[in-house]
Amino acid sequence: MKSFYNAEKISENVWWVGAVDWSVRNFHGYLTERGTTYNAFLIIDEKVTLIDTVKAGFFAEMMERISSVIDPEKIDYIISNHAEPDHSGALQQAIEAIKPEKVFASVMGAKTLKAYYGIDAEVVTAPVSLGAGNLSFVETRMLHWPDSMISFYDRDGVMFSQDAFGQHLAGSKLWADEYPGETLEYEMSKYYANIINAQSAKVLSLLDSLPSLNLPLQVIAPDHGPLFRRNFGEVFSAYRRYAEQKPQLRAAVIFATMWHATEDLARAFADGVRAAGVEVKIIDLAVSERSAVMTAVANSGLVAFGAPTMNNQVFPAMADVLTYVKGLKPQNKIGFAFGSCGWSGEGAKQIAAELENMKFEQPIAFIQSKYKPTGEELLKAFEAGYTLAGQLKETVAAN
Ligand code: FEO
C-alpha cells in the first residue's frame with residue numbers, strides 16, 4: 001500500500017523528506033505555539049545523500065517520505081549539519097536501516113555524534129562530489145551549537161542552513177511565501193530571539209561572508225519551518241536587523257505579582273510610556289512564559305522588569321526569566337527595575353543588579369514600595385515610564 005507520507009520536491013534533484021510535529025508546545029522551554037517541523041532533505045545524484053534526520057519518534061515518517069521516491073538503501077551518504085537531537089534523534093535508526101557508505105559531520109559534529117550515540121562520522125573539511133553536483137560546507141559554530149554547519153548543493157543552488165533562518169512553524173505548506181507575512185515575521189523573530197540571539201556577532205560575520213562565497217542561491221532550506229525560494233535579500237536583511245539589535249521604538253513591561261502591588265506599579269509605568277506615545281506591551285508572568293518574554297525583550301528598546309520579594313529573594317518566576325534573558329545577551333536596552341515588598345526588599349534590588357550585569361542602561365533608579373504602592377510611588381512609576389520612553393525616542397531617532 002502506498003504511504004500517505006510523501007516526499008516533496010524542492011528543486012530538480014532535491015526532496016523534502018522531513019516530519020511535521022503539530023503537537024509540540026515545549027521545545028526545551030520554548031513555547032512552540034504553532035508546533036514545528038524537523039526538515040530533512042534527500043539529494044538524488046550519483047551519490048544519493050540525506051541531509052540531517054528528524055527527532056526521535058518521527059523516524060517512520062521520514063523513512064516513508066524517502067521511500068516515496070527511492071529505496072532508502074540506495075542512500076550513500078548522510079550529512080549531519082547539526083547534532084542536536086531534534087535533527088539527530090533518528091540518526092542511529094537511519095544508519096541501521098540505510099547502511100550508508102559514510103556519515104559526514106563537522107569536527108565538533110563528529111565529536112557530538114560520538115558522545116550522544118557512539119556514531120563514527122567522517123569529518124568534512126573540503127567539498128564532497130555527489131556526481132553531477134558538489135556539496136560544500138561552511139562551519140557555523142554556535143549557530144546554534146558548536147557542531148553546526150551549513151551545506152550548499154551547487155547543482156540546484158540549495159543552501160541547507162540547519163537552524164539558521166528557521167521558524168518553529170508547523171504547516172501543510174512547504175514555502176515561506178505560502179504563509180502570511182505577519183506570521184512568518186513573528187515566528188522568525190521569535191526563533192532568532194530565543195535560539196540565535198546570543199550569537200549575533202557570529203551571524204553578522206556569516207552574513208558579511210556570504211557574498212564572497214558566490215553561491216548561486218535558489219533555495220534556503222532550514223531545518224525548521226518553511227523554506228525560501230525567493231526574496232533571499234529580505235531573509236538576510238531580517239537576520240542582519242535582528243543581529244544588529246538596534247533600539248526599537250517599543251517598550252515591554254514584564255512583571256510577577258503576589259497581591260497586585262507590583263502589578264499596580266507595572267500598570268503605572270506602562271501608562272507613562274503610553275502617555276509619551278510609545279507602544280507598550282505588558283507581560284504578566286502568571287499567564288506567560290520565558291520565550292514570549294524574550295521575544296518582547298528583543299523587539300523593545302525599553303524593558304522594565306518588576307517583581308515582589310519572596311523569602312529574601314526576587315520572586316522565582318522573575319529569577320527564571322532573568323536567567324533566561326541574560327543567557328541570550330540582548331543588547332542596547334534601556335532598563336528599569338521595580339517591585340513591592342513587605343519587609344526585607346531584595347526583589348527590585350536583585351532585578352536592578354541583573355540588569356546591570358546585562359549592561360542595560362538604567363538612567364532611573366529602581367522603585368520599591370512597601371506592601372502597597374502609595375499614590376506618590378505610582379506617580380513616580382508613571383513618570384519613570386514617561387521619561388524613559390522619551391529617552392528611547394531620542395535614542396531611536398539618533399540611530
Ligand atoms: Fe533545531 Fe539547535 O536544533
# chains A, B, ... in the order shown; residues from 1 in each chain; ligands from 1
$ residues_around --residues "stretch 102-118 of chain A" --least-positions-apart "2" --cutoff "10 Å" --atoms "only C-alpha atoms" --output "number ranges by chain"
A: 49-52, 75-85, 88-89, 91-92, 95, 99-100, 120-125, 128, 137-141, 145-150
$ residues_near_ligand --ligand "ligand 1" --cutoff "7 Å" --atoms "only C-alpha atoms and all ligand atoms" --output "list in words"
His82, Glu84, Asp86, His87, His144, Trp145, Gln162, Asp163, Asp223 and His224 of chain A
$ select_by_dssp --residues "stretch 206-314 of chain A" --states "helix (DSSP H, G or I)" --output "ChimeraX atom specification"
/A:206-213,232-244,261-275,290-298
$ residues_around --residues "stretch 329-335 of chain A" --least-positions-apart "5" --cutoff "7 Å" --atoms "only C-alpha atoms" --output "PyMOL selection string"
chain A and resi 197-198+245-247+298+301-304+355+358+360-362
$ write_last_selection --atoms "N, CA and C atoms" --output "compact mmCIF listing (two decimals), in the first residue's frame"
# COMPACT_ATOMS: atom_id res chain seq x y z
N ASN A 197 19.98 34.63 19.25
CA ASN A 197 20.36 35.99 19.65
C ASN A 197 21.73 36.09 20.33
N ALA A 198 22.04 35.11 21.17
CA ALA A 198 23.30 35.18 21.92
C ALA A 198 24.51 35.21 21.00
N GLN A 245 20.58 44.44 16.55
CA GLN A 245 19.91 44.79 17.82
C GLN A 245 19.85 46.29 18.06
N LYS A 246 19.57 47.04 17.00
CA LYS A 246 19.40 48.48 17.19
C LYS A 246 18.13 48.73 18.02
N PRO A 247 18.13 49.78 18.85
CA PRO A 247 16.96 50.02 19.70
C PRO A 247 15.69 50.22 18.86
N ALA A 298 13.56 41.34 22.84
CA ALA A 298 14.30 41.55 21.59
C ALA A 298 13.68 42.65 20.74
N GLY A 301 13.04 48.55 22.76
CA GLY A 301 14.22 49.31 23.18
C GLY A 301 14.20 49.63 24.66
N LEU A 302 13.01 49.60 25.26
CA LEU A 302 12.86 49.90 26.69
C LEU A 302 12.18 48.70 27.35
N VAL A 303 12.81 48.15 28.39
CA VAL A 303 12.25 46.97 29.05
C VAL A 303 12.27 47.18 30.56
N ALA A 304 11.10 47.07 31.18
CA ALA A 304 11.01 47.19 32.64
C ALA A 304 10.65 45.82 33.22
N LEU A 355 20.02 43.56 35.69
CA LEU A 355 20.00 44.46 34.52
C LEU A 355 21.38 45.10 34.34
N MET A 358 23.58 42.68 32.71
CA MET A 358 23.27 42.56 31.28
C MET A 358 23.60 43.83 30.50
N PHE A 360 22.19 46.70 30.68
CA PHE A 360 21.06 47.56 30.36
C PHE A 360 21.38 48.93 30.96
N GLU A 361 21.09 49.98 30.21
CA GLU A 361 21.26 51.32 30.75
C GLU A 361 20.09 51.57 31.71
N GLN A 362 20.37 52.04 32.93
CA GLN A 362 19.30 52.31 33.89
C GLN A 362 19.39 53.75 34.36
$ residues_around --residues "stretch 342-351 of chain A" --least-positions-apart "4" --cutoff "12 Å" --atoms "only C-alpha atoms" --output "PyMOL selection string"
chain A and resi 254-259+261-262+265+303-323+326+335-338+355-358+360+362+365-373
$ closest_residue --among "A:Asn194, A:Asn299, A:Thr36, A:Ser189" --to "A:Ser172" --atoms "only C-alpha atoms"
A:Thr36
$ select_by_dssp --residues "stretch 192-351 of chain A" --states "strand (DSSP E or B)" --output "number ranges by chain"
A: 219-222, 227-228, 250-255, 279-284, 302-306, 309-310, 313-314, 334-341
$ closest_residue --among "A:Ile283, A:Val278, A:Val54, A:Leu249" --to "A:Ala397" --atoms "only C-alpha atoms"
A:Leu249
$ atom_distance --atom1 "atom CA of A:Ala270" --atom2 "atom CA of A:Tyr30"
25.9 Å
$ residues_around --residues "A:Pro127" --least-positions-apart "3" --cutoff "7 Å" --atoms "only C-alpha atoms" --output "PDB file with all heavy atoms, in the first residue's frame"
ATOM      1  N   ASN A 134      28.149  19.114  -6.381  1.00  0.00           N
ATOM      2  CA  ASN A 134      29.025  19.031  -5.206  1.00  0.00           C
ATOM      3  C   ASN A 134      28.322  19.615  -3.998  1.00  0.00           C
ATOM      4  O   ASN A 134      27.524  20.542  -4.118  1.00  0.00           O
ATOM      5  CB  ASN A 134      30.303  19.859  -5.433  1.00  0.00           C
ATOM      6  CG  ASN A 134      31.100  19.329  -6.592  1.00  0.00           C
ATOM      7  OD1 ASN A 134      31.590  18.208  -6.566  1.00  0.00           O
ATOM      8  ND2 ASN A 134      31.214  20.141  -7.630  1.00  0.00           N
ATOM      9  N   LEU A 135      28.677  19.089  -2.840  1.00  0.00           N
ATOM     10  CA  LEU A 135      28.230  19.682  -1.579  1.00  0.00           C
ATOM     11  C   LEU A 135      29.420  20.377  -0.947  1.00  0.00           C
ATOM     12  O   LEU A 135      30.476  19.762  -0.775  1.00  0.00           O
ATOM     13  CB  LEU A 135      27.760  18.585  -0.622  1.00  0.00           C
ATOM     14  CG  LEU A 135      26.274  18.283  -0.492  1.00  0.00           C
ATOM     15  CD1 LEU A 135      26.062  17.189   0.538  1.00  0.00           C
ATOM     16  CD2 LEU A 135      25.448  19.513  -0.143  1.00  0.00           C
ATOM     17  N   SER A 136      29.262  21.654  -0.640  1.00  0.00           N
ATOM     18  CA  SER A 136      30.319  22.349   0.093  1.00  0.00           C
ATOM     19  C   SER A 136      29.776  22.726   1.469  1.00  0.00           C
ATOM     20  O   SER A 136      28.556  22.719   1.694  1.00  0.00           O
ATOM     21  CB  SER A 136      30.803  23.578  -0.674  1.00  0.00           C
ATOM     22  OG  SER A 136      29.704  24.400  -0.989  1.00  0.00           O
ATOM     23  N   PHE A 137      30.685  23.050   2.367  1.00  0.00           N
ATOM     24  CA  PHE A 137      30.302  23.216   3.772  1.00  0.00           C
ATOM     25  C   PHE A 137      30.899  24.488   4.362  1.00  0.00           C
ATOM     26  O   PHE A 137      32.038  24.837   4.067  1.00  0.00           O
ATOM     27  CB  PHE A 137      30.785  21.997   4.592  1.00  0.00           C
ATOM     28  CG  PHE A 137      30.346  20.693   4.002  1.00  0.00           C
ATOM     29  CD1 PHE A 137      31.160  20.023   3.095  1.00  0.00           C
ATOM     30  CD2 PHE A 137      29.103  20.155   4.303  1.00  0.00           C
ATOM     31  CE1 PHE A 137      30.746  18.825   2.508  1.00  0.00           C
ATOM     32  CE2 PHE A 137      28.677  18.971   3.723  1.00  0.00           C
ATOM     33  CZ  PHE A 137      29.502  18.295   2.833  1.00  0.00           C
TER      34      PHE A 137
END
$ atom_distance --atom1 "atom CA of A:Val325" --atom2 "atom CA of A:Tyr242"
15.4 Å
$ closest_residue --among "A:Ser237, A:Ser161, A:Asn39, A:Gln167" --to "A:Ala7" --atoms "only C-alpha atoms"
A:Asn39
